[in-house]
Amino acid sequence: MALSRFNWSRSQKQAGSAQTPPDMRIYAVGDIHGRDDLLAELHEMIVADADRFEGEKLIVYLGDYIDRGPASMQVIERLLDHPPLDFESVFLLGNHEQALLDFLVDAKAMAAWMNWGGKETLSSYGITLPPTIYLEHMELLAGQLKEKLPDRHIQFYQSLQSSYALGNYYFVHAGIRPGIPLQKQELGDQLWIREEFTRSQQQHEAIIVHGHSITTNAELLANRIGIDTGAFHTGVLTALVLEGESQSLLQTGKGGQF
């Protein structure tokens, strides 16, 4: 398998002095959305890329492991059973995992989840869906999901972190509310914010590494790095590679659209 790693020149990335702790390489993985095939491919690329690096290796997953793609359950299985060897792993909460947890608590209130990925996730757990889903089906479907979810999967969803800070980087699913200190950010913004964050040119306390907002190419700006490249329909799953002041990308090939 060819290893495709893209490096930004200093003029391209416009970054300041952001850097990782010494002797550490960090891989941040964007939104997977049920594409277990791409996750397997990206894991292989990460392992190959890190093979000769002798320092500490950390992988941070930015959330949205489930929904939209065909293999949400399989993605969680892979994250639990087949993480890259010798890597410390950090798993962040995405708005789609929060939606699943909310659906289990109040299915009717979260009926809209069916329209933005819930159906695909339920199917991946072996739940047969009616041809047309009505509001009265929600509690039944939630009950079936509770029965199908392995205990370790629900523990995984419930244990996901809202954010992670290291060096001059702050990792979060969607972004932050500009002007609010990082330690005072609200979970709703961390999971859902879009234009108020992505359009802001304000400098933050750290470089914000995020997913959630799909772009054709990864965005590396002076105040944030966005790496949701729409893997579920583009076939491009992105990992940001950080080491010292270096910033580069690993990406799966294009194709295999759903």
# chains A, B, ... in the order shown; residues from 1 in each chain; ligands from 1
$ select_by_dssp --residues "range 1-140 of chain A" --states "alpha helix (DSSP H)" --output "NGL selection string"
:A and (10-13 or 36-50 or 72-81 or 95-105 or 118-124 or 138-140)
$ write_last_selection --atoms "N, CA and C atoms" --output "tab-separated table (two decimals), in the first residue's frame"
chain	number	residue	atom	x	y	z
A	10	ARG	N	5.77	26.22	5.26
A	10	ARG	CA	5.49	27.25	6.26
A	10	ARG	C	4.59	28.33	5.68
A	11	SER	N	4.77	28.67	4.39
A	11	SER	CA	3.93	29.70	3.79
A	11	SER	C	2.50	29.23	3.61
A	12	GLN	N	2.31	27.92	3.37
A	12	GLN	CA	0.96	27.39	3.18
A	12	GLN	C	0.18	27.36	4.48
A	13	LYS	N	0.84	26.94	5.55
A	13	LYS	CA	0.08	26.71	6.76
A	13	LYS	C	-0.13	27.94	7.62
A	36	ASP	N	-15.83	1.72	8.32
A	36	ASP	CA	-14.84	0.83	8.92
A	36	ASP	C	-13.75	0.47	7.93
A	37	ASP	N	-14.08	0.37	6.66
A	37	ASP	CA	-13.07	0.06	5.65
A	37	ASP	C	-11.99	1.12	5.59
A	38	LEU	N	-12.40	2.38	5.65
A	38	LEU	CA	-11.43	3.47	5.61
A	38	LEU	C	-10.63	3.56	6.90
A	39	LEU	N	-11.27	3.28	8.02
A	39	LEU	CA	-10.55	3.30	9.29
A	39	LEU	C	-9.46	2.23	9.31
A	40	ALA	N	-9.76	1.04	8.80
A	40	ALA	CA	-8.74	-0.01	8.72
A	40	ALA	C	-7.58	0.43	7.85
A	41	GLU	N	-7.89	1.06	6.73
A	41	GLU	CA	-6.83	1.55	5.83
A	41	GLU	C	-6.00	2.63	6.49
A	42	LEU	N	-6.66	3.57	7.16
A	42	LEU	CA	-5.94	4.66	7.81
A	42	LEU	C	-5.07	4.16	8.95
A	43	HIS	N	-5.57	3.18	9.71
A	43	HIS	CA	-4.76	2.60	10.78
A	43	HIS	C	-3.47	2.02	10.21
A	44	GLU	N	-3.56	1.33	9.08
A	44	GLU	CA	-2.36	0.77	8.45
A	44	GLU	C	-1.39	1.88	8.06
A	45	MET	N	-1.92	2.96	7.54
A	45	MET	CA	-1.07	4.08	7.15
A	45	MET	C	-0.39	4.71	8.35
A	46	ILE	N	-1.13	4.83	9.44
A	46	ILE	CA	-0.57	5.43	10.66
A	46	ILE	C	0.54	4.54	11.22
A	47	VAL	N	0.31	3.25	11.27
A	47	VAL	CA	1.32	2.32	11.79
A	47	VAL	C	2.58	2.39	10.93
A	48	ALA	N	2.41	2.41	9.61
A	48	ALA	CA	3.57	2.49	8.72
A	48	ALA	C	4.31	3.81	8.89
A	49	ASP	N	3.56	4.89	9.05
A	49	ASP	CA	4.17	6.21	9.21
A	49	ASP	C	4.96	6.31	10.51
A	50	ALA	N	4.47	5.66	11.56
A	50	ALA	CA	5.10	5.76	12.87
A	50	ALA	C	6.14	4.69	13.13
A	72	SER	N	-21.26	1.26	11.41
A	72	SER	CA	-21.00	1.93	12.68
A	72	SER	C	-20.59	0.94	13.77
A	73	MET	N	-21.32	-0.14	13.92
A	73	MET	CA	-20.99	-1.13	14.93
A	73	MET	C	-19.58	-1.66	14.73
A	74	GLN	N	-19.21	-1.91	13.48
A	74	GLN	CA	-17.89	-2.45	13.18
A	74	GLN	C	-16.79	-1.43	13.49
A	75	VAL	N	-17.06	-0.16	13.29
A	75	VAL	CA	-16.09	0.87	13.66
A	75	VAL	C	-15.79	0.82	15.14
A	76	ILE	N	-16.84	0.73	15.96
A	76	ILE	CA	-16.63	0.68	17.41
A	76	ILE	C	-15.86	-0.57	17.79
A	77	GLU	N	-16.18	-1.69	17.17
A	77	GLU	CA	-15.44	-2.92	17.43
A	77	GLU	C	-13.95	-2.73	17.11
A	78	ARG	N	-13.66	-2.09	16.00
A	78	ARG	CA	-12.27	-1.89	15.61
A	78	ARG	C	-11.56	-0.96	16.60
A	79	LEU	N	-12.23	0.09	17.01
A	79	LEU	CA	-11.62	1.01	17.96
A	79	LEU	C	-11.33	0.34	19.29
A	80	LEU	N	-12.19	-0.60	19.68
A	80	LEU	CA	-12.00	-1.29	20.95
A	80	LEU	C	-10.97	-2.42	20.85
A	81	ASP	N	-10.93	-3.10	19.72
A	81	ASP	CA	-10.12	-4.32	19.61
A	81	ASP	C	-8.85	-4.16	18.80
A	95	ASN	N	-21.17	14.83	18.11
A	95	ASN	CA	-22.61	15.08	18.26
A	95	ASN	C	-23.44	13.85	17.87
A	96	HIS	N	-22.90	12.98	17.01
A	96	HIS	CA	-23.66	11.79	16.63
A	96	HIS	C	-23.66	10.73	17.74
A	97	GLU	N	-22.57	10.62	18.48
A	97	GLU	CA	-22.58	9.71	19.65
A	97	GLU	C	-23.52	10.26	20.72
A	98	GLN	N	-23.52	11.58	20.91
A	98	GLN	CA	-24.43	12.18	21.88
A	98	GLN	C	-25.87	11.93	21.47
A	99	ALA	N	-26.15	11.97	20.17
A	99	ALA	CA	-27.50	11.71	19.68
A	99	ALA	C	-27.93	10.28	20.02
A	100	LEU	N	-27.04	9.32	19.84
A	100	LEU	CA	-27.37	7.94	20.20
A	100	LEU	C	-27.69	7.83	21.69
A	101	LEU	N	-26.86	8.45	22.53
A	101	LEU	CA	-27.10	8.39	23.97
A	101	LEU	C	-28.43	9.06	24.33
A	102	ASP	N	-28.74	10.17	23.69
A	102	ASP	CA	-30.00	10.86	23.95
A	102	ASP	C	-31.19	10.04	23.47
A	103	PHE	N	-31.02	9.34	22.35
A	103	PHE	CA	-32.08	8.50	21.81
A	103	PHE	C	-32.44	7.38	22.80
A	104	LEU	N	-31.45	6.84	23.47
A	104	LEU	CA	-31.71	5.78	24.45
A	104	LEU	C	-32.48	6.30	25.66
A	105	VAL	N	-32.36	7.59	25.95
A	105	VAL	CA	-33.04	8.19	27.10
A	105	VAL	C	-34.44	8.65	26.73
A	118	GLY	N	-29.15	7.83	12.13
A	118	GLY	CA	-29.61	6.84	13.08
A	118	GLY	C	-30.03	5.53	12.43
A	119	LYS	N	-30.69	5.62	11.29
A	119	LYS	CA	-31.14	4.39	10.61
A	119	LYS	C	-29.96	3.49	10.24
A	120	GLU	N	-28.90	4.09	9.73
A	120	GLU	CA	-27.73	3.32	9.35
A	120	GLU	C	-27.07	2.67	10.57
A	121	THR	N	-27.04	3.39	11.68
A	121	THR	CA	-26.45	2.83	12.89
A	121	THR	C	-27.29	1.68	13.43
A	122	LEU	N	-28.59	1.84	13.48
A	122	LEU	CA	-29.46	0.77	13.94
A	122	LEU	C	-29.29	-0.47	13.07
A	123	SER	N	-29.23	-0.28	11.76
A	123	SER	CA	-29.05	-1.41	10.85
A	123	SER	C	-27.73	-2.12	11.11
A	124	SER	N	-26.68	-1.36	11.41
A	124	SER	CA	-25.37	-1.98	11.65
A	124	SER	C	-25.38	-2.85	12.90
A	138	MET	N	-40.44	4.88	17.66
A	138	MET	CA	-39.18	5.29	18.28
A	138	MET	C	-38.86	4.51	19.55
A	139	GLU	N	-39.83	4.38	20.43
A	139	GLU	CA	-39.55	3.69	21.69
A	139	GLU	C	-39.23	2.22	21.46
A	140	LEU	N	-39.90	1.61	20.50
A	140	LEU	CA	-39.61	0.22	20.16
A	140	LEU	C	-38.19	0.08	19.63
$ residues_around --residues "Leu62 in chain A" --least-positions-apart "5" --cutoff "9 Å" --atoms "only C-alpha atoms" --output "ChimeraX atom specification"
/A:28-32,90-94,163,171-174,209-212
$ residues_around --residues "Ala18 in chain A" --least-positions-apart "2" --cutoff "9 Å" --atoms "only C-alpha atoms" --output "ChimeraX atom specification"
/A:15-16,20,167-169,206-207,244-246
$ closest_residue --among "A:Ala218, A:Ala231, A:Leu187, A:Ile193" --to "Ser248 in chain A" --atoms "only C-alpha atoms"
A:Ala218
$ atom_distance --atom1 "CA of Glu54 in chain A" --atom2 "CA of Asp23 in chain A"
8.0 Å
$ select_by_dssp --residues "range 6-255 of chain A" --states "strand (DSSP E or B)" --output "JSON, numbers by chain"
{"A": [6, 7, 24, 25, 26, 27, 28, 29, 56, 57, 58, 59, 60, 61, 88, 89, 90, 91, 92, 161, 163, 164, 165, 166, 169, 170, 171, 172, 207, 208, 209, 210, 219, 220, 224, 225, 226, 238, 239, 240, 241, 242, 243, 246, 247, 248, 249, 250, 251]}
$ closest_residue --among "A:Phe197, A:Glu205, A:Ile127, A:Ala239" --to "Ala165 in chain A" --atoms "only C-alpha atoms"
A:Glu205
$ residues_around --residues "Glu243 in chain A" --least-positions-apart "5" --cutoff "10 Å" --atoms "only C-alpha atoms" --output "list in words"
Gln19, Thr20, Pro21, Pro22, Asp23, Met24, Arg25, Ile26, Tyr27, Lys57 and Ser248 of chain A
$ write_last_selection --atoms "C-alpha atoms" --output "compact mmCIF listing (two decimals), in the first residue's frame"
# COMPACT_ATOMS: atom_id res chain seq x y z
CA GLN A 19 4.12 22.54 18.79
CA THR A 20 3.76 19.21 20.53
CA PRO A 21 5.63 18.10 23.65
CA PRO A 22 9.19 16.84 22.94
CA ASP A 23 9.65 13.31 21.56
CA MET A 24 5.96 12.87 20.78
CA ARG A 25 4.02 12.31 17.58
CA ILE A 26 0.26 12.91 17.60
CA TYR A 27 -2.22 11.57 15.06
CA LYS A 57 2.83 7.99 20.00
CA SER A 248 1.19 17.01 7.86
$ closest_residue --among "A:Arg199, A:Leu129, A:Ser162, A:His33" --to "Tyr65 in chain A" --atoms "only C-alpha atoms"
A:His33
$ closest_residue --among "A:Ser200, A:Glu186, A:Ala142, A:Tyr125" --to "Ala111 in chain A" --atoms "only C-alpha atoms"
A:Ala142
$ closest_residue --among "A:Gln183, A:Leu141, A:Thr198, A:Leu242" --to "Ala222 in chain A" --atoms "only C-alpha atoms"
A:Thr198
$ closest_residue --among "A:Gly175, A:Asp67, A:Arg194, A:Glu88" --to "Met114 in chain A" --atoms "only C-alpha atoms"
A:Asp67
$ decode --residues "range 35-61 of chain A" --atoms "N, CA and C atoms" --output "compact mmCIF listing (two decimals), in the first residue's frame"
# COMPACT_ATOMS: atom_id res chain seq x y z
N ARG A 35 -17.48 4.27 8.34
CA ARG A 35 -16.63 3.74 7.27
C ARG A 35 -15.50 2.92 7.89
N ASP A 36 -15.83 1.72 8.32
CA ASP A 36 -14.84 0.83 8.92
C ASP A 36 -13.75 0.47 7.93
N ASP A 37 -14.08 0.37 6.66
CA ASP A 37 -13.07 0.06 5.65
C ASP A 37 -11.99 1.12 5.59
N LEU A 38 -12.40 2.38 5.65
CA LEU A 38 -11.43 3.47 5.61
C LEU A 38 -10.63 3.56 6.90
N LEU A 39 -11.27 3.28 8.02
CA LEU A 39 -10.55 3.30 9.29
C LEU A 39 -9.46 2.23 9.31
N ALA A 40 -9.76 1.04 8.80
CA ALA A 40 -8.74 -0.01 8.72
C ALA A 40 -7.58 0.43 7.85
N GLU A 41 -7.89 1.06 6.73
CA GLU A 41 -6.83 1.55 5.83
C GLU A 41 -6.00 2.63 6.49
N LEU A 42 -6.66 3.57 7.16
CA LEU A 42 -5.94 4.66 7.81
C LEU A 42 -5.07 4.16 8.95
N HIS A 43 -5.57 3.18 9.71
CA HIS A 43 -4.76 2.60 10.78
C HIS A 43 -3.47 2.02 10.21
N GLU A 44 -3.56 1.33 9.08
CA GLU A 44 -2.36 0.77 8.45
C GLU A 44 -1.39 1.88 8.06
N MET A 45 -1.92 2.96 7.54
CA MET A 45 -1.07 4.08 7.15
C MET A 45 -0.39 4.71 8.35
N ILE A 46 -1.13 4.83 9.44
CA ILE A 46 -0.57 5.43 10.66
C ILE A 46 0.54 4.54 11.22
N VAL A 47 0.31 3.25 11.27
CA VAL A 47 1.32 2.32 11.79
C VAL A 47 2.58 2.39 10.93
N ALA A 48 2.41 2.41 9.61
CA ALA A 48 3.57 2.49 8.72
C ALA A 48 4.31 3.81 8.89
N ASP A 49 3.56 4.89 9.05
CA ASP A 49 4.17 6.21 9.21
C ASP A 49 4.96 6.31 10.51
N ALA A 50 4.47 5.66 11.56
CA ALA A 50 5.10 5.76 12.87
C ALA A 50 6.14 4.69 13.13
N ASP A 51 6.37 3.82 12.16
CA ASP A 51 7.20 2.64 12.38
C ASP A 51 8.59 2.97 12.90
N ARG A 52 9.21 3.99 12.36
CA ARG A 52 10.59 4.31 12.75
C ARG A 52 10.68 5.44 13.76
N PHE A 53 9.54 5.89 14.26
CA PHE A 53 9.55 6.94 15.28
C PHE A 53 9.67 6.29 16.65
N GLU A 54 10.66 6.68 17.40
CA GLU A 54 10.94 6.02 18.67
C GLU A 54 10.37 6.73 19.89
N GLY A 55 9.75 7.88 19.69
CA GLY A 55 9.19 8.60 20.82
C GLY A 55 7.79 8.12 21.18
N GLU A 56 7.11 8.89 21.99
CA GLU A 56 5.74 8.55 22.42
C GLU A 56 4.77 8.81 21.27
N LYS A 57 3.81 7.90 21.08
CA LYS A 57 2.83 7.99 20.00
C LYS A 57 1.43 8.09 20.60
N LEU A 58 0.70 9.06 20.15
CA LEU A 58 -0.65 9.31 20.65
C LEU A 58 -1.59 9.45 19.47
N ILE A 59 -2.77 8.83 19.57
CA ILE A 59 -3.80 9.00 18.54
C ILE A 59 -5.06 9.55 19.19
N VAL A 60 -5.57 10.64 18.64
CA VAL A 60 -6.77 11.30 19.15
C VAL A 60 -7.85 11.20 18.08
N TYR A 61 -8.95 10.56 18.43
CA TYR A 61 -10.10 10.46 17.52
C TYR A 61 -11.08 11.57 17.87
